[in-house]
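Chemist: The structure is given below, and queries will be raised subsequently.
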Amino acid sequence: MTTIIDGKAIAASVREKAASAVADIKSRHGVQPALAVVLVGEDPASQVYVRNKHVATEKSGMRSIEHKLPENTSEDDVVALVRKLNDDDEVDGILVQLPLPKHISSDRVINEIHPDKDVDGLTEVNAGRLILGKEGLVPCTPQGSVILAKTVTENLSGLNAVVVGRSILVGKPLAMLLLAENCTVTMAHSRTKDLAAVCREADILCAAVGIPRLIKGDWVKKGAIVIDVGINRIEESGKMRLVGDVDYDAAAEVAGAITPVPGGVGPMTIACLLRNTVLAAARRRGLGKVEV
Ligand SMILES: Nc1nc(=O)c2c([nH]1)NC[C@@H]1CN(c3ccc(C(=O)N[C@@H](CCC(=O)O)C(=O)O)cc3)C=[N+]21
C-alpha cells in the first residue's frame, strides 16, 4: 500500500508546535515574536501567498507586520526598508516576497537582510552556515520536504537520495539537508545523462525542477519515498489545474510513499516559516532553547 503523505496535516502539527512555543515565550518572557513581510508590486499569486502567511502568523500568536510597496518602488527604497527592519528590535523575522519587480535586484535586497532575521534562509551567510553544518536559518521548502520524508522513515541514514533540480531556493539546500541526514545524495538536473536511470536508484526521490509531470511512473523505484516539490499551474481539459513535477497517478502505483500536489510540500513551506520565526526570536533575544 502506498502511503499518501498528508502535507496539510503534518504542516498543521508543525504550526501547532510553533504556536505552543510562541505561547511559552510570551508567558515566560513577555515577548511576542514578530514577522515582517515585504511585498513589492501587485502580482496576484504573491498577494495570495502573503495573505496566507499573514493569517498563519497571527494564528500562531505571533505579530505579523506587512509592508506593501508599489510596483515602481526603487531598489534603494526597498533596501532602506530592509535596513529599517534589521534595526527594529521588535522584528524577529524578515521575508521579502519573491519574485521582485524586474528593476530590483533580488540578490542585493535579500543579502541586506540580517542573517539572524533571514527566516527564508536565503542570504549568503545562511547558505554558508548550511554548507558548513553550522546553526543558522534553513530555507523553508527544503526543510519541509525533509520533515515530510522523515514522517515515513525517521532515520534516513544511508538511503540513496536523488534531488532533481539545482535551484538556490530548493534543490541545493535540499541536497545539503539530506546529506546532513546521512543520505547518499545525487544532484540531478536538466543535463543529467539518463535521468530516468538515476531516478530509479533513489530510495528518496525529490523533484524540484518546475516541469509538470517530468518524473514518470517507471522512473520510480518500488517502495521509494517520492517528495514532489513542484507547483505548476497547467491548463487541462479547459480547466486550470495544479500539478507537481511527478506524474502522480503512475508514480503512486510504485512508490512506498508520495506527496500529493496540492496538499504536500506547499503547506509545509508556511509552517516552516513560522518555525524559523520562533527560532530566530529565541536566538536573537537570548531566550534559550525552544522546542519547535
Ligand atoms: N521570499 C519568498 N519565500 C517563499 O517561501 C516564497 C516566495 N518568496 N515566493 C513564492 C514562493 C511560493 N511559496 C509557496 C508557499 C505555499 C504554498 C502552498 O501552500 N501551496 C498549497 C496550495 C497552492 C494553491 O492552491 O495555490 C499546496 O501546495 O497545497 C505554495 C508555494 C512560497 N514562496
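Note on naming: chains are A, B, ... as they come in the C-alpha cells, residues start from 1 per chain, ligands start from 1 in the order shown.
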Please identify every residue of chain A that has at least one atom no farther than 10 Å from an atom of ligand 1, counting only C-alpha atoms and all ligand atoms, and for each give the shortest atom pair and the distance in Å to one decimal, arranged by chain then increasing number, as CSV.
Modeler:
```
residue,atom,partner,partner_atom_place_in_ligand_line,distance
A:Asp6,CA,ligand 1,29 (O),9.9
A:Gly7,CA,ligand 1,29 (O),7.6
A:Lys8,CA,ligand 1,29 (O),7.2
A:Ala11,CA,ligand 1,19 (O),9.6
A:Val37,CA,ligand 1,1 (N),8.5
A:Val38,CA,ligand 1,1 (N),8.7
A:Leu39,CA,ligand 1,1 (N),9.1
A:Ala45,CA,ligand 1,26 (O),7.8
A:Ser46,CA,ligand 1,10 (C),6.4
A:Gln47,CA,ligand 1,10 (C),9.7
A:Val48,CA,ligand 1,26 (O),8.2
A:Tyr49,CA,ligand 1,15 (C),6.1
A:Val50,CA,ligand 1,7 (C),8.6
A:Asn52,CA,ligand 1,19 (O),8.0
A:Lys53,CA,ligand 1,15 (C),8.3
A:Ile94,CA,ligand 1,1 (N),9.1
A:Leu95,CA,ligand 1,1 (N),5.4
A:Val96,CA,ligand 1,1 (N),4.8
A:Gln97,CA,ligand 1,1 (N),3.9
A:Leu98,CA,ligand 1,8 (N),3.9
A:Pro99,CA,ligand 1,9 (N),6.1
A:Leu100,CA,ligand 1,8 (N),8.9
A:Ser106,CA,ligand 1,1 (N),9.6
A:Ile110,CA,ligand 1,1 (N),8.6
A:Asp118,CA,ligand 1,1 (N),9.7
A:Val119,CA,ligand 1,3 (N),8.8
A:Asp120,CA,ligand 1,3 (N),5.8
A:Gly121,CA,ligand 1,3 (N),9.0
A:Leu122,CA,ligand 1,1 (N),8.2
A:Pro139,CA,ligand 1,5 (O),7.8
A:Cys140,CA,ligand 1,5 (O),6.4
A:Thr141,CA,ligand 1,5 (O),6.8
A:Leu169,CA,ligand 1,5 (O),8.5
A:Val170,CA,ligand 1,5 (O),9.9
A:Asp228,CA,ligand 1,28 (O),9.8
A:Val229,CA,ligand 1,28 (O),8.5
A:Gly230,CA,ligand 1,28 (O),8.5
A:Ile231,CA,ligand 1,28 (O),6.5
A:Asn232,CA,ligand 1,26 (O),9.2
A:Arg233,CA,ligand 1,26 (O),8.4
A:Arg241,CA,ligand 1,25 (O),9.2
A:Leu242,CA,ligand 1,25 (O),7.1
A:Val243,CA,ligand 1,28 (O),9.0
A:Gly244,CA,ligand 1,28 (O),8.8
A:Thr259,CA,ligand 1,28 (O),9.9
A:Pro260,CA,ligand 1,29 (O),8.0
A:Val261,CA,ligand 1,28 (O),5.4
A:Pro262,CA,ligand 1,29 (O),3.4
A:Gly263,CA,ligand 1,29 (O),3.5
A:Gly264,CA,ligand 1,29 (O),5.7
A:Val265,CA,ligand 1,28 (O),6.1
A:Gly266,CA,ligand 1,28 (O),3.5
A:Pro267,CA,ligand 1,19 (O),3.8
A:Met268,CA,ligand 1,19 (O),7.0
A:Thr269,CA,ligand 1,15 (C),5.3
A:Ile270,CA,ligand 1,16 (C),5.8
A:Ala271,CA,ligand 1,16 (C),9.0
A:Cys272,CA,ligand 1,5 (O),9.3
A:Leu273,CA,ligand 1,5 (O),7.6
```
Chemist: Could you give me, as JSON, numbers by chain, the residues within 10 Å of A:Lys59, counting only C-alpha atoms and dropping anything in the same chain fewer than 6 positions from it?
Modeler: {"A": [15, 16, 19, 53]}
Chemist: Take the residues from that selection and write them out as an mmCIF file, in the first residue's frame, keeping N, CA and C atoms.
Modeler:
```
data_model
loop_
_atom_site.group_PDB
_atom_site.id
_atom_site.type_symbol
_atom_site.label_atom_id
_atom_site.label_comp_id
_atom_site.auth_asym_id
_atom_site.auth_seq_id
_atom_site.Cartn_x
_atom_site.Cartn_y
_atom_site.Cartn_z
ATOM 1 N N ARG A 15 2.752 23.780 12.701
ATOM 2 C CA ARG A 15 2.237 25.100 13.094
ATOM 3 C C ARG A 15 1.798 25.115 14.559
ATOM 4 N N GLU A 16 1.178 23.994 14.994
ATOM 5 C CA GLU A 16 0.760 23.905 16.404
ATOM 6 C C GLU A 16 1.957 23.958 17.345
ATOM 7 N N ALA A 19 3.087 27.408 17.535
ATOM 8 C CA ALA A 19 2.158 28.194 18.353
ATOM 9 C C ALA A 19 2.392 27.944 19.837
ATOM 10 N N LYS A 53 0.370 33.881 4.533
ATOM 11 C CA LYS A 53 1.416 33.979 5.553
ATOM 12 C C LYS A 53 0.946 34.840 6.720
#
```
Chemist: List the neighbours of stretch 79-84 of chain A out to 10 Å using only C-alpha atoms; skip same-chain residues closer than 3 positions along the sequence, and give me the result as a ChimeraX atom specification.
Modeler: /A:36-38,67,74-76,87-89,91,94-96,104,108-114
Chemist: Next, write the just-selected residues to a file, as a short mmCIF file (atom, residue, chain, number, x, y, z; two decimals), in the first residue's frame, keeping N, CA and C atoms as the atom set.
Modeler:
```cif
data_model
loop_
_atom_site.label_atom_id
_atom_site.label_comp_id
_atom_site.auth_asym_id
_atom_site.auth_seq_id
_atom_site.Cartn_x
_atom_site.Cartn_y
_atom_site.Cartn_z
N ALA A 36 8.01 40.27 9.77
CA ALA A 36 7.73 41.34 8.81
C ALA A 36 7.82 40.79 7.40
N VAL A 37 6.78 41.02 6.61
CA VAL A 37 6.76 40.56 5.22
C VAL A 37 6.72 41.78 4.31
N VAL A 38 7.61 41.78 3.32
CA VAL A 38 7.69 42.89 2.37
C VAL A 38 7.21 42.41 1.01
N HIS A 67 4.40 45.06 4.86
CA HIS A 67 4.80 46.27 4.15
C HIS A 67 4.51 46.06 2.68
N SER A 74 11.76 52.05 -5.85
CA SER A 74 13.15 51.86 -6.28
C SER A 74 13.85 50.81 -5.43
N GLU A 75 14.89 50.23 -5.98
CA GLU A 75 15.69 49.24 -5.25
C GLU A 75 16.23 49.84 -3.95
N ASP A 76 16.70 51.09 -4.04
CA ASP A 76 17.24 51.74 -2.84
C ASP A 76 16.18 51.88 -1.74
N ASP A 87 17.10 46.98 11.95
CA ASP A 87 17.40 47.77 13.15
C ASP A 87 16.26 47.79 14.16
N ASP A 88 15.10 47.31 13.74
CA ASP A 88 13.93 47.33 14.62
C ASP A 88 13.98 46.14 15.57
N ASP A 89 14.20 46.42 16.83
CA ASP A 89 14.39 45.34 17.80
C ASP A 89 13.14 44.48 18.02
N VAL A 91 11.30 43.35 15.59
CA VAL A 91 11.14 42.46 14.43
C VAL A 91 12.12 41.28 14.54
N ILE A 94 12.34 38.61 8.84
CA ILE A 94 12.06 39.45 7.68
C ILE A 94 11.96 38.54 6.46
N LEU A 95 10.86 38.68 5.72
CA LEU A 95 10.71 37.93 4.46
C LEU A 95 10.37 38.92 3.35
N VAL A 96 11.18 38.90 2.32
CA VAL A 96 10.88 39.72 1.14
C VAL A 96 10.30 38.77 0.10
N ILE A 104 14.48 45.53 -9.80
CA ILE A 104 15.09 45.40 -8.47
C ILE A 104 15.92 44.11 -8.41
N ARG A 108 20.62 41.56 -4.27
CA ARG A 108 21.07 42.66 -3.38
C ARG A 108 20.12 42.80 -2.19
N VAL A 109 18.80 42.80 -2.48
CA VAL A 109 17.82 43.03 -1.41
C VAL A 109 17.90 41.91 -0.37
N ILE A 110 17.91 40.66 -0.84
CA ILE A 110 17.93 39.52 0.08
C ILE A 110 19.17 39.58 0.98
N ASN A 111 20.31 39.91 0.37
CA ASN A 111 21.54 39.91 1.18
C ASN A 111 21.67 41.09 2.12
N GLU A 112 20.75 42.04 2.02
CA GLU A 112 20.69 43.12 3.01
C GLU A 112 20.02 42.65 4.30
N ILE A 113 19.24 41.57 4.22
CA ILE A 113 18.54 41.09 5.42
C ILE A 113 19.57 40.59 6.43
N HIS A 114 19.40 40.99 7.68
CA HIS A 114 20.32 40.48 8.71
C HIS A 114 20.18 38.96 8.78
#
```
Chemist: Write down as an MDAnalysis selection string the residues belonging to stretch 137-244 of chain A that are assigned strand (DSSP E) by DSSP computed on the backbone.
Modeler: chainID A and resid 160:164 184:188 204:207 225:228 232:236 239:243
Chemist: Using only C-alpha atoms, which residues sit within 12 Å of A:Glu201 once same-chain residues fewer than 6 positions away are excluded, as number ranges by chain?
Modeler: A: 159-163, 184-186, 188, 194-195, 218-225
Chemist: Please, could you write that set of residues out with C-alpha atoms as a JSON list (two decimals), in the first residue's frame?
Modeler:
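Saved to result39.json:
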```
[["chain", "number", "residue", "atom", "x", "y", "z"],
["A", 159, "LEU", "CA", 19.46, 5.93, 1.94],
["A", 160, "ASN", "CA", 20.06, 6.97, -1.67],
["A", 161, "ALA", "CA", 18.52, 10.38, -2.19],
["A", 162, "VAL", "CA", 18.19, 11.87, -5.64],
["A", 163, "VAL", "CA", 17.32, 15.56, -5.92],
["A", 184, "THR", "CA", 23.94, 9.42, -0.14],
["A", 185, "VAL", "CA", 22.91, 12.37, -2.26],
["A", 186, "THR", "CA", 22.85, 12.69, -6.03],
["A", 188, "ALA", "CA", 20.48, 15.60, -10.91],
["A", 194, "ASP", "CA", 19.86, 9.12, -18.42],
["A", 195, "LEU", "CA", 17.84, 10.92, -15.75],
["A", 218, "ASP", "CA", 8.68, 3.87, -14.35],
["A", 219, "TRP", "CA", 11.42, 6.23, -13.07],
["A", 220, "VAL", "CA", 10.37, 5.40, -9.51],
["A", 221, "LYS", "CA", 11.94, 2.51, -7.61],
["A", 222, "LYS", "CA", 9.44, 0.19, -5.95],
["A", 223, "GLY", "CA", 8.78, 1.37, -2.39],
["A", 224, "ALA", "CA", 10.62, 4.71, -2.78],
["A", 225, "ILE", "CA", 9.66, 7.87, -0.92]]
```
Chemist: Can you list, as a short mmCIF file (atom, residue, chain, number, x, y, z; two decimals) with N, CA and C atoms, in the first residue's frame, every protein, DNA or RNA residue that comes within 10 Å of A:Asp249 when you count only C-alpha atoms, leaving out same-chain residues fewer than 2 positions away?
Modeler:
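See result.cif below for the written result:
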```cif
data_model
loop_
_atom_site.label_atom_id
_atom_site.label_comp_id
_atom_site.auth_asym_id
_atom_site.auth_seq_id
_atom_site.Cartn_x
_atom_site.Cartn_y
_atom_site.Cartn_z
N LYS A 216 8.32 10.21 -14.49
CA LYS A 216 7.32 9.20 -14.88
C LYS A 216 7.26 8.07 -13.85
N GLY A 217 6.17 7.31 -13.94
CA GLY A 217 5.99 6.20 -13.01
C GLY A 217 7.12 5.20 -13.06
N VAL A 246 5.95 15.45 -10.73
CA VAL A 246 5.85 13.99 -10.80
C VAL A 246 4.51 13.62 -11.43
N ASP A 247 4.55 12.61 -12.29
CA ASP A 247 3.32 12.06 -12.84
C ASP A 247 2.67 11.24 -11.71
N ALA A 251 3.20 7.30 -10.55
CA ALA A 251 4.23 7.15 -9.52
C ALA A 251 3.64 6.54 -8.25
N ALA A 252 2.39 6.91 -7.94
CA ALA A 252 1.76 6.42 -6.71
C ALA A 252 1.58 4.90 -6.74
N GLU A 253 1.54 4.32 -7.94
CA GLU A 253 1.38 2.85 -8.01
C GLU A 253 2.65 2.12 -7.62
N VAL A 254 3.78 2.79 -7.73
CA VAL A 254 5.07 2.16 -7.49
C VAL A 254 5.69 2.58 -6.15
N PRO A 260 1.25 14.48 -2.38
CA PRO A 260 0.37 14.99 -3.43
C PRO A 260 0.65 16.47 -3.71
#
```
Chemist: Mind listing the helix (DSSP H, G or I) residues of stretch 2-76 of chain A, per DSSP on the backbone, as a PyMOL selection string?
Modeler: chain A and resi 7-29+44-59+75-76
Chemist: I need the residue nearest A:Cys183 from this list: A:Pro33, A:Gly158, A:Gly171, A:Gly41. Use only C-alpha atoms for the distance.
Modeler: A:Gly158
Chemist: What gap, in Å, lies between atom CA of A:Pro142 and atom CA of A:Leu174?
Modeler: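 Separation of atom CA of A:Pro142 and atom CA of A:Leu174: 4.7 Å.
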Chemist: Name the residues in contact with A:Met62 at a cut-off of 12 Å, using only C-alpha atoms, excluding same-chain residues fewer than 2 positions from it; report them as a VMD selection string.
Modeler: chain A and resid 15 18 to 26 31 to 36 53 to 60 64 to 65 90 to 93 273 to 275 277 to 278 281
Chemist: To one decimal in Å, tell me the separation between atom CA of A:Ala207 and atom CA of A:Gly136.
Modeler: 24.7 Å
